[in-house]
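Visitor: Just dropping this structure here.
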Amino acid sequence: MLAYIIRRTLYAIPILIGVNLLTFVLFFVVNTPDDVARMHLGAKRVTPEAIEQWKQEHGYDQPLLYNRKASGVAKVTDTIFYNKSMRLFAFDFGSSDAGRDIGEDISQRMWPSLAIALPTLLIGLLVNISFSMLLAFFRGTYLDLSGVMLAVVLMSVSSLFYIIGGQYLFSKLLHLVPVSGYESGMQAWRFVLLPVAIGVFSGIGAGSRWYRTFFLEEVNRDYVRTARAKGLPEARLLFRHVLRNAMVPILTGIVVILPTLFMGSLIMESFFGIPGLGSYTIEAIQTQDFAIVRAMVFLGSVLYILGLLLTDISYTLVDPRIRLS
Amino acid sequence: MIQHVFLWTDTLIFILLVAVLGFAWFARNKEHLRAPWREVVRSRMAVASLVVLSIYTITGLLDSVHFRKALPTQEGQQEVQYSGDVLSVLDTLLGPMRTQDEKTYSAPFAAYLYARETVTGADGEKLRIFPRLEYGGAGLTDPATQKGADIARRTVTALAEAVAVLLLLYGMLGLRLASKWRQSWMSALGAIAKGTSDVPWRTALLTLGVFVLLIALVVNLSGAYHLLGTDKVGQDVLYQTIKSIRTGLVIGTLTTLVMLPFAVFLGMMAGYFRGWVDDVIQYIYTTLNSIPGVLLIAAAVMMMQVYVANHPELFETMAERADIRLLFLVLILGITSWTGLCRLLRGETLKLRELDYVQAADAFGVAKSSILVRHLLPNLMHLVMIAVVLDFSGLVLAEAVLSYVGVGVDPTTQSWGNMINRARLEMAREPMVWWSLLASFSFMFTLVLAANLFSDVVRDAFDPRLRAQR
Amino acid sequence: MRAPDLLFNRSIPFVKWMLFIVTVLATVACSDQPWNSPYPPDQAGQNILYSSFASRPNHLDPARSYASNEVVFNGQIYEPPLQYHFLKRPYQLEPLTATRMPEAYYLDEAGQRLPDGAGEEEIAYSVYDIEIQKGIRYQPHPAFAKDKRGRYLYHALREQDLDSVTTLSDFHETGSRELVAADYVYQIKRLAHPRLNSPIFGLMSEYIVGLKDYAATLKQVLEEEGTEASQPRYLNLADYPLAGAQVLDRYRYRIKVRGKYPQFQYWLAMPFFAPLPWEADLFYSQPGMKERNITLDWYPVGTGPYMLTVNNPNRQMVLERNPNFRGELYPREGGPGDAQAGFLEDAGQRMPFIDKVVYSLEKEAIPTWNKFLQGYYDVSGISSDSFDQAVQIGSGGDIALTPEMRDKGIHLNTAVSTSIFYMGFNMLDPVVGGDSKRARLLRRALSIAMDYEEYISIFRNGRGIPAQSPLPPGIFGFIDGREGVNTYLYDWTAQGPQRKPIAEARRLLAEAGYPNGRNVATGKPLVLYFDTTGGTPDSSAQQNWIRKQFAKLDIQLQIRNTDYNRFQDKMLKGTAQIFQWGWNADYPDPENFLFLLYGKNGKVEHNGENAANYKNEEFDRLFEQMKNMKNGPGRQTVINRMVEILRKDAPWVFGFHPKDFVLYHDWYHNAKSNLMANNTLKYKRIDPQLRERQREAWNHPVVWPLGLILLLLVVSVIPAYIGYRRHERQQGRAVNS
């Protein structure tokens with residue numbers, strides 16, 4: 001097990017280098033360092049000297065990937081890529097192009113993201129499982145059919161509608177929750193309520209339909225049939241046996257996204273003015289702050305790889321027959 | 001005189017069409033390929049959705065034949081000159097809807113503008129009134145009293161036409177089925193009406209009837225009114241929504257076309273050869289998967305913009321410019337979405353390669369390529385089919401979100417995402433402008449719902465595990 | 001029968017949850033603020049102004065900040081020697097920290113003082129002697145903190161001293177000191193600091209004597225030291241003299257400017273020329289500070305009425321009253337009508353009135369607007385689509401609030417802003433550019449076709465006036481009424497200017513050689529290109545509209561959408577053809593607008609602000625003449641001639657001057673718009689009690705729909721329950737049989 005984890009961790013290194021390289025290339029194919037400098041210096045009265053100065057100050061005056069002028073190892077190390085991207089492996093995010101420490105910002109902004117993402121996930125799980133179990137219980141009846149139809153209808157609505165509609169109804173008309181904003185500490189729940197509710201609601205369609213198939217698969221297994229033949233009430237059967245076994249694919253499906261919860265939701269955070277990591281990323285893309293984009297992509301891929309690893313481990317915990325090698 | 005214009009996406013759409021038709025021809029006599037489809041068309045839900053999807057597809061195809069009209073020749077002109085406006089067959093069909101622009105917002109069926117304007121009265125006095133529309137309800141002298149009757153009259157005409165067309169279709173279908181079933185015409189008609197036929201023709205006809213009615217309404221009313229109002233610069237909203245169909249379909253289908261070869265080829269390679277091939281392919285998709293999709297898409301769209309900005313001579317018209325952006329979006333969506341299917345196929349291939357008949361083929365020295373194509377591929381097709389159909393609706397919805405983030409299709413392309421994005425601001429107006437949102441929402445919802453329902457049935461029909469259960 | 005039993009068991013947690021929710025809601029209901037308040041309950045009733053910011057300010061260092069979202073803060077914190085009078089129009093400068101308005105006197109090449117009426121060619125230097133008031137003190141700041149023996153507490157910190165420090169407030173001791181003239185000189189020297197990249201260095205080095213060499217000197221010093229470019233390094237600028245800025249005594253300093261530059265005094269009202277204490281510079285340049293985001297860009301130090309106490313660009317920025325502020329008095333006199341409008345109610349009172357200002361991050365326009373309507377923002381920002389809800393254009397084109405807004409006690413202020421949005425033709429382009437008659441007629445035809453009256457009514461809901469020249473109203477040189485009309489595009493009628501009919505544009509087009517939009521010789525359709533940056537939801541509608549305008553002349557307009565960087569690139573290389581751009585005045589002087597078309601400011605050639613690359617010898621000559629003239633009939637004549645040249649050549653379609661609409665609630669006072677002054681916060685006053693009452697009245701939570709939803713859920717469960725019962729019974733029967 002330990003050997004497996006170590007091997008997978010080592011395996012992550014080339015992936016992360018690849019991710020870094022790709023982000024770097026994609027970003028700089030589009031924006032030259034001059035563009036970045038101009039973006040940060042503003043629109044009015046920018047001189048070429050100021051651009052040169054800015055590049056020098058922020059370390060963008062070197063070649064991008066390969067330094068012809070340097071010799072030996074320095075050909076690779078005296079480049080923007082090496083100096084900017086390789087530091088990430090020590091989780092040293094450096095400071096953003098606008099001059100703020102990125103690590104500090106991330107540690108501040110991940111909490112609001114979590115405050116939205118975690119309840120959405122948990123409540124969503126609860127709601128989806130109950131709904132899909134209901135459908136599984138009434139499988140083949142009109143109730144099941146209309147439930148599936150409802151799920152499809154819910155799925156067919158763009159997530160933007162849920163947000164626009166929810167804000168309009170609950171904040172503007174009913175005055176129940178603040179329109180947008182965020183407050184840390186105990187007051188946070190008032191701001192989190194609506195985004196979480198919308199997140200859960202918009203996820204019901206896809207989630208419950210997906211879980212329903214898991215339940216149906218379990219329901220048709222032999223042991224369930226045997227139990228039913230023995231006269232076990234259907235409800236208890238569902239709760240005792242089917243739920244427990246269907247939870248395995250559901251939970252292992254969730255483990256992979258657990259670490260990425262930190263990254264937050266791009267659209268939800270922008271609409272509700274939540275200062276999380278999702279809106280942080282969007283802002284960075286819009287203001288072309290490469291340092292932040294790079295850091296967030298790196299963080300995202302680390303968390304994703306962590307999620308894959310956790311999934312593998314959770315398989316072994318759930319099913320002792322699987323052994324990692 | 002017209003000059004044909006082949007946009008990139010047009011070409012791809014027709015390649016896709018040929019491929020689908022070719023597959024259908026190929027599968028015509030193969031029972032194992034036909035069987036699941038036969039099951040699909042037995043479901044009422046599937047048939048209804050299929051009708052909806054076909055109507056959308058036909059609209060999209062009509063909108064994919066582009067041309068430029070020649071300008072009238074003038075004195076001393078040497079060669080024929082073509083207009084810079086790229087039109088499609090659909091544009092000519094929709095005729096007046098495209099050209100009858102008002103000044104700004106007007107509500108559905110309105111005869112007046114939605115915003116007040118200052119006009120100078122006969123006695124030189126300035127008045128703030130809602131001016132009459134240039135085209136909407138233009139034939140009426142007094143809209144307040146005549147509009148209702150006019151609309152009713154046109155609606156009745158449309159209804160009559162629709163019923164006539166529907167009866168005609170019913171009769172023709174009866175004839176066709178009667179010869180097929182070797183029954184009398186009347187009994188075939190009866191079977192359809194009672195819904196006792198194997199394929200639920202009644203459902204198909206009724207769904208079709210709804211659309212025939214809608215089309216009849218559009219034909220009868222759209223010349224005289226803006227059925228779904230006009231937008232900020234006075235363009236017909238119905239026209240925009242109909243034009244958006246093509247964009248939605250392109251993103252939903254071409255993306256899959258782009259990603260399929262990668263996913264299938266690489267997935268099978270990884271699963272079958274294992275070893276370093278597997279390692280490399282796994283490395284590629286894990287790396288691609290780890291980068292947030294929005295970022296990749298944003299980068300690709302911007303790359304394309306840089307390319308277009310540096311090569312203005314390659315993209316003469318705006319349509320070509322917008323089309324190349326759409327193509328890029330499709331490409332990059334394909335790149336970000338092939339990894340899921342690829343992983344699925346790899347896993348399945350890993351299982352299949354251990355099966356006896358594959359092992360046997362291997363032992364007999366059958367070429368590897370032929371094992372892949374003859375033995376593995378057919379057994380993976382159901383996975384591919386399910387993935388294609390499931391992805392479709394997700395991609396159509398994704399377009400709207402991408403437009404919100406600002407990395408969607410070109411702002412000049414008609415698309416539901418762009419319309420929804422604009423509608424965000426319109427919702428905050430007072431009085432509210434709701435028709436753009438409603439129009440794009442209902443058109444998109446119909447398509448996505450139909451696709452979802454259809455995909456449900458397709459999945460049930462193709463998934464061997466589910467098939468075994470029944 | 002197990003079922004009811006089971007249901008009951010399951011319902012216990014449900015009941016518990018409901019109880020919990022009810023308790024939570026009850027506790028909220030008990031706290032006396034509305035449920036949807038986005039602020040903490042303890043702020044209720046306080047003298048706090050609430051506002052928002054859309055993007056975080058990049059620079060708060062007065063030498064670097066130039067953007068409008070930065071000056072919102074810097075204007076309240078830093079005090080340059082001059083300011084604009086809050087009420088008087090046309091805009092007028094008055095002393096802020098200076099004792100009186102500085103009068104320039106002139107020197108010749110040899111440094112001899114010239115008599116007052118000396119001719120322009122003799123003047124080699126202008127000199128400004130500025131005297132500041134005594135007793136002005138800086139805000140409390142750790143950079144000034146001293147121990148009992150008078151040594152600075154935080155000036156020799158080592159890295160490890162900062163271990164427990166994350167924000168500025170982690171330094172517990174603070175101090176202050178009196179403002180001296182040397183601080184002003186210090187800041188002028190900072191403009192040349194090579195590590196600061198001041199955006200006005202390029203411009204100022206042309207004027208302030210010795211500034212360019214000064215930058216070179218500093219650069220050399222820094223290079224000799226060899227510190228890393230990214231590391232801050234304190235240079236005691238007092239050790240390096242600058243000829244153009246000298247301390248005369250404790251309260252007086254002198255600025256020496258090359259030639260005659262009357263616009264210089266406007267610069268003296270901007271934070272670029274605010275004082276900066278050397279202590280702050282030294283404090284922030286200590287090792288480890290930058291890593292903790294403790295820099296001048298984040299924590300400004302000033303003498304103004306407010307100081308920045310919270311700077312969390314992720315969420316909130318807070319300005320609080322500076323306890324050391326000397327207490328300026330509200331102006332006693334204003335313009336005509338100000339007394340009736342209530343702008344003089346506070347005359348002679350000590351400012352500032354508001355204790356604290358909370359700026360919250362707000363990315364989306366619609367939530368911001370909704371919060372304003374709910375009373376959670378006191379003033380609603382600048383234009384957006386939401387304003388249709390508030391504003392009604394009355395008969396006769398006058399603008400009024402909708403009844404809904406008036407019922408809420410919301411007020412409206414309008415002012416034509418000192419900016420212009422124009423459509424420019426790239427004069428280097430072979431089709432639309434150049435000095436030929438063909439191109440000129442084409443440009444004029446397009447100028448007629450671009451119906452900006454319609455644009456303003458569709459896209460700005462009437463919030464703007466069509467421009468007749470580059471000069472907006474409120475700037476010297478602007479002429480109202482019949483005399484000021486661009487006769488190339490407009491006919492004068494009894495109702496005012498009337499855009500010439502499209503037939504006239506078609507005639508011009510035909511004369512230019514494109515009858516019906518087609519080349520007269522080849523029949524080729526005329527295709528023009530519009531270069532722009534798309535992206536916002538509104539931009540596609542605008543682009544469609546522009547296409548419609550060109551289509552009126554049968555000209556096909558192809559839109560070339562690109563990102564902002566590429567657009568900048570095209571402008572710099574001069575490959576764009578037609579573009580839209582805007583300019584917001586730095587100061588109220590015609591020079592600041594007409595220089596946008598001055599040949600030596602050409603974008604391609606000189607990297608200047610003349611984006612159209614317009615070059616006309618006569619115009620340039622007149623510009624040089626007009627630049628240094630005093631406002632008066634002579635200057636007006638020159639400006640009229642310049643404007644006439646522009647109208648004839650039409651390098652721009654003059655577009656429009658936007659009108660700023662400011663909406664504010666009843667409890668907000670002294671709201672007069674002042675588009676030049678950036679330090680207006682101190683004049684504002686609010687009535688927190690009234691606000692509290694109104695917020696409660698407007699935000700009663702409506703709970704019954706929640707009950708309805710709950711009821712619906714219960715109702716929808718009933719068939720499920722019945723189904724369940726039936727199922728159980730059937731199964732029971734099956735087992736029994």
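Going by the structure tokens order, chains are called A, B, ..., each with residues numbered from 1, while ligands are numbered from 1 in the order shown.
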Please list as a list in words every residue within 8 Å of C:Asn69, counting only C-alpha atoms and excluding residues in the same chain fewer than 6 positions away.
Guide: Phe53, Ser55, Arg56 and Pro57 of chain C
Visitor: Env of A:Lys75: 10 Å cut, atoms = only C-alpha atoms, seq-sep filter 4 positions within chain, self excluded. Answer as a list in words.
Guide: Pro63, Leu65, Tyr66, Asn67, Arg68, Lys69, Ala70, Ser71 and Thr79 of chain A
Visitor: I need the chosen residues saved as a PDB file, in the first residue's frame, with N, CA and C atoms.
Guide:
```pdb
ATOM      1  N   PRO A  63      14.173  34.905 -21.811  1.00  0.00           N
ATOM      2  CA  PRO A  63      13.465  34.151 -22.847  1.00  0.00           C
ATOM      3  C   PRO A  63      12.440  33.236 -22.193  1.00  0.00           C
ATOM      4  N   LEU A  65      11.353  29.847 -22.875  1.00  0.00           N
ATOM      5  CA  LEU A  65      11.618  28.453 -22.545  1.00  0.00           C
ATOM      6  C   LEU A  65      13.098  28.066 -22.665  1.00  0.00           C
ATOM      7  N   TYR A  66      13.789  28.722 -23.567  1.00  0.00           N
ATOM      8  CA  TYR A  66      15.142  28.275 -23.856  1.00  0.00           C
ATOM      9  C   TYR A  66      16.019  29.495 -24.043  1.00  0.00           C
ATOM     10  N   ASN A  67      17.076  29.567 -23.268  1.00  0.00           N
ATOM     11  CA  ASN A  67      17.937  30.741 -23.300  1.00  0.00           C
ATOM     12  C   ASN A  67      19.166  30.456 -24.159  1.00  0.00           C
ATOM     13  N   ARG A  68      19.163  31.004 -25.354  1.00  0.00           N
ATOM     14  CA  ARG A  68      20.272  30.767 -26.269  1.00  0.00           C
ATOM     15  C   ARG A  68      21.584  31.372 -25.764  1.00  0.00           C
ATOM     16  N   LYS A  69      21.439  32.494 -25.076  1.00  0.00           N
ATOM     17  CA  LYS A  69      22.647  33.238 -24.713  1.00  0.00           C
ATOM     18  C   LYS A  69      23.394  32.590 -23.553  1.00  0.00           C
ATOM     19  N   ALA A  70      22.670  31.906 -22.695  1.00  0.00           N
ATOM     20  CA  ALA A  70      23.316  31.317 -21.521  1.00  0.00           C
ATOM     21  C   ALA A  70      24.076  30.065 -21.930  1.00  0.00           C
ATOM     22  N   SER A  71      24.812  29.520 -20.968  1.00  0.00           N
ATOM     23  CA  SER A  71      25.577  28.319 -21.300  1.00  0.00           C
ATOM     24  C   SER A  71      25.244  27.220 -20.298  1.00  0.00           C
ATOM     25  N   THR A  79      15.325  31.014 -17.673  1.00  0.00           N
ATOM     26  CA  THR A  79      14.168  31.293 -18.516  1.00  0.00           C
ATOM     27  C   THR A  79      12.982  31.615 -17.626  1.00  0.00           C
TER      28      THR A  79
END
```
Visitor: For the strand (DSSP E or B) assignment from backbone DSSP, which residues of stretch 42-199 of chain C qualify? Please present them as an MDAnalysis selection string.
Guide: chainID C and resid 48:53 82:84 93:95 98 105:107 113 125:132 137 141 146 152 175 178
Visitor: List every residue of chain A that has an atom at most 6 Å from any atom of chain B, and for each one report the closest atom pair and its distance in Å to one decimal, counting only C-alpha atoms, with rows sorted by chain and then by increasing residue number, as JSON lines.
Guide:
```
{"residue": "A:Ile15", "atom": "CA", "partner": "B:Thr287", "partner_atom": "CA", "distance": 5.5}
{"residue": "A:Val19", "atom": "CA", "partner": "B:Thr287", "partner_atom": "CA", "distance": 5.7}
{"residue": "A:Leu26", "atom": "CA", "partner": "B:Ala299", "partner_atom": "CA", "distance": 5.8}
{"residue": "A:Val30", "atom": "CA", "partner": "B:Met303", "partner_atom": "CA", "distance": 5.4}
{"residue": "A:Ser156", "atom": "CA", "partner": "B:Val448", "partner_atom": "CA", "distance": 5.4}
{"residue": "A:Ser158", "atom": "CA", "partner": "B:Leu397", "partner_atom": "CA", "distance": 5.8}
{"residue": "A:Val297", "atom": "CA", "partner": "B:Ile291", "partner_atom": "CA", "distance": 5.9}
{"residue": "A:Ser301", "atom": "CA", "partner": "B:Ser290", "partner_atom": "CA", "distance": 4.4}
```
Visitor: Put those residues in a file: N, CA and C atoms, as a tab-separated table (two decimals), in the first residue's frame.
Guide:
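Contents of out22.tsv, freshly written:
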```
chain	number	residue	atom	x	y	z
A	15	ILE	N	3.44	14.37	-14.62
A	15	ILE	CA	2.14	14.93	-15.00
A	15	ILE	C	2.12	16.42	-14.67
A	19	VAL	N	1.56	19.54	-17.06
A	19	VAL	CA	0.50	20.53	-16.84
A	19	VAL	C	1.09	21.93	-16.88
A	26	LEU	N	0.27	27.62	-23.47
A	26	LEU	CA	-1.03	28.17	-23.86
A	26	LEU	C	-1.11	29.64	-23.51
A	30	VAL	N	-0.66	33.17	-26.42
A	30	VAL	CA	-1.68	34.20	-26.53
A	30	VAL	C	-1.16	35.56	-26.10
A	156	SER	N	-32.38	19.63	-18.02
A	156	SER	CA	-32.38	20.33	-19.30
A	156	SER	C	-32.36	21.84	-19.14
A	158	SER	N	-30.52	25.23	-18.08
A	158	SER	CA	-29.16	25.71	-17.89
A	158	SER	C	-28.97	26.21	-16.46
A	297	VAL	N	-3.92	26.58	-11.63
A	297	VAL	CA	-3.90	25.37	-12.45
A	297	VAL	C	-3.08	24.30	-11.74
A	301	SER	N	-4.46	20.72	-10.44
A	301	SER	CA	-4.01	19.39	-10.89
A	301	SER	C	-3.49	18.57	-9.73
```
Visitor: Please produce, as JSON lines, a per-residue contact table for chain C versus chain A (criterion: any atom at most 7 Å away, only C-alpha atoms considered), showing the nearest atom pair and its distance in Å to one decimal, sorted by chain then residue number.
Guide:
```
{"residue": "C:Trp35", "atom": "CA", "partner": "A:Leu176", "partner_atom": "CA", "distance": 5.7}
{"residue": "C:Asn36", "atom": "CA", "partner": "A:Pro178", "partner_atom": "CA", "distance": 3.9}
{"residue": "C:Ser37", "atom": "CA", "partner": "A:Pro178", "partner_atom": "CA", "distance": 5.6}
{"residue": "C:Pro38", "atom": "CA", "partner": "A:Pro178", "partner_atom": "CA", "distance": 5.3}
{"residue": "C:Asn58", "atom": "CA", "partner": "A:Ala98", "partner_atom": "CA", "distance": 6.4}
{"residue": "C:Asn197", "atom": "CA", "partner": "A:Ala50", "partner_atom": "CA", "distance": 5.6}
{"residue": "C:Pro199", "atom": "CA", "partner": "A:Arg45", "partner_atom": "CA", "distance": 6.0}
{"residue": "C:Ile200", "atom": "CA", "partner": "A:Arg45", "partner_atom": "CA", "distance": 6.9}
{"residue": "C:Ala229", "atom": "CA", "partner": "A:Glu57", "partner_atom": "CA", "distance": 4.9}
{"residue": "C:Ser230", "atom": "CA", "partner": "A:Glu57", "partner_atom": "CA", "distance": 4.8}
{"residue": "C:Glu291", "atom": "CA", "partner": "A:Asp101", "partner_atom": "CA", "distance": 6.4}
{"residue": "C:Arg292", "atom": "CA", "partner": "A:Asp101", "partner_atom": "CA", "distance": 6.9}
{"residue": "C:Asn293", "atom": "CA", "partner": "A:Arg100", "partner_atom": "CA", "distance": 5.6}
{"residue": "C:Asn314", "atom": "CA", "partner": "A:Pro275", "partner_atom": "CA", "distance": 5.6}
{"residue": "C:Arg315", "atom": "CA", "partner": "A:Pro275", "partner_atom": "CA", "distance": 6.0}
{"residue": "C:Leu361", "atom": "CA", "partner": "A:Gly273", "partner_atom": "CA", "distance": 7.0}
{"residue": "C:Glu362", "atom": "CA", "partner": "A:Gly273", "partner_atom": "CA", "distance": 5.9}
{"residue": "C:Lys363", "atom": "CA", "partner": "A:Gly273", "partner_atom": "CA", "distance": 6.3}
{"residue": "C:Glu364", "atom": "CA", "partner": "A:Phe271", "partner_atom": "CA", "distance": 6.3}
{"residue": "C:Pro367", "atom": "CA", "partner": "A:Val179", "partner_atom": "CA", "distance": 5.9}
{"residue": "C:Asn370", "atom": "CA", "partner": "A:Lys172", "partner_atom": "CA", "distance": 6.8}
{"residue": "C:Lys371", "atom": "CA", "partner": "A:Val179", "partner_atom": "CA", "distance": 6.7}
{"residue": "C:Asn565", "atom": "CA", "partner": "A:Asp35", "partner_atom": "CA", "distance": 5.9}
{"residue": "C:Asn699", "atom": "CA", "partner": "A:His175", "partner_atom": "CA", "distance": 5.6}
{"residue": "C:His700", "atom": "CA", "partner": "A:His175", "partner_atom": "CA", "distance": 6.4}
{"residue": "C:Pro701", "atom": "CA", "partner": "A:His175", "partner_atom": "CA", "distance": 4.7}
{"residue": "C:Val702", "atom": "CA", "partner": "A:Leu174", "partner_atom": "CA", "distance": 4.8}
{"residue": "C:Val735", "atom": "CA", "partner": "A:Gly231", "partner_atom": "CA", "distance": 6.4}
```
Visitor: Kindly give the distance, in Å, that separates atom CA of A:Ala37 and atom CA of A:Gln62, rounded to a single decimal.
Guide: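 Computing it gives 13.7 Å between the two atoms.
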Visitor: May I have the residues within 12 Å of C:Arg518 as an NGL selection string, using only C-alpha atoms and disregarding those fewer than 5 positions away in the same chain?
Guide: (:B and (71-75 or 77 or 81-84)) or (:C and (506 or 509-513 or 523-528 or 553-556))
Visitor: Which residues come within 12 Å of B:Gly229, counting only C-alpha atoms, excluding same-chain residues fewer than 3 positions away, as a ChimeraX atom specification?
Guide: /B:97,100-114,133,135-137,222,224-226,232-241,433-439
Visitor: Using only C-alpha atoms, which of the listed residues (B:Met1, B:Thr247, B:Thr9, B:Thr255) sits closest to B:Phe392?
Guide: B:Thr255
Visitor: Determine which residues of stretch 40-92 of chain B DSSP labels as alpha helix (DSSP H) from the backbone of this structure, then write them out as a list in words.
Guide: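 So, restricting stretch 40-92 of chain B to alpha helix (DSSP H), we get Val40, Val41, Arg42, Arg44, Met45, Ala46, Val47, Ala48, Ser49, Leu50, Val51, Val52, Leu53, Ser54, Ile55, Tyr56, Thr57, Ile58, Thr59, Gly60, Leu61, Leu62, Val89, Leu90, Asp91 and Thr92 of chain B.
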Visitor: Considering only C-alpha atoms, return as an NGL selection string whatever protein or nucleic-acid residues lie within 6 Å of stretch 674-690 of chain C, sequence-local ones (same chain, fewer than 2 positions apart) excluded.
Guide: :C and (45 or 47 or 75-76 or 84 or 351-354 or 667-670 or 692-693)
Visitor: For stretch 122-131 of chain A, list every protein, DNA or RNA residue within 7 Å, evaluated using only C-alpha atoms, and leave out those in the same chain fewer than 6 positions away; present the list as a ChimeraX atom specification.
Guide: /A:200,203-204,207-208,211
Visitor: Residues at most 9 Å from C:Tyr664, counting only C-alpha atoms, excluding those fewer than 3 positions away in the same chain, as number ranges by chain?
Guide: C: 372, 377-380, 409-413, 667-669, 671
Visitor: Calculated over only C-alpha atoms, which of the candidates B:Ala191, B:Ala319, B:Leu395, B:Leu7 has the smallest distance to B:Thr412?
Guide: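 The shortest atom-to-atom distance to B:Thr412 comes from B:Ala319.
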Visitor: From the options B:Ile324, B:Val308, B:Val156, B:Ala149, which residue's atoms come nearest to chain C, counting only C-alpha atoms?
Guide: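 Closest residue, counting only C-alpha atoms: B:Val308.
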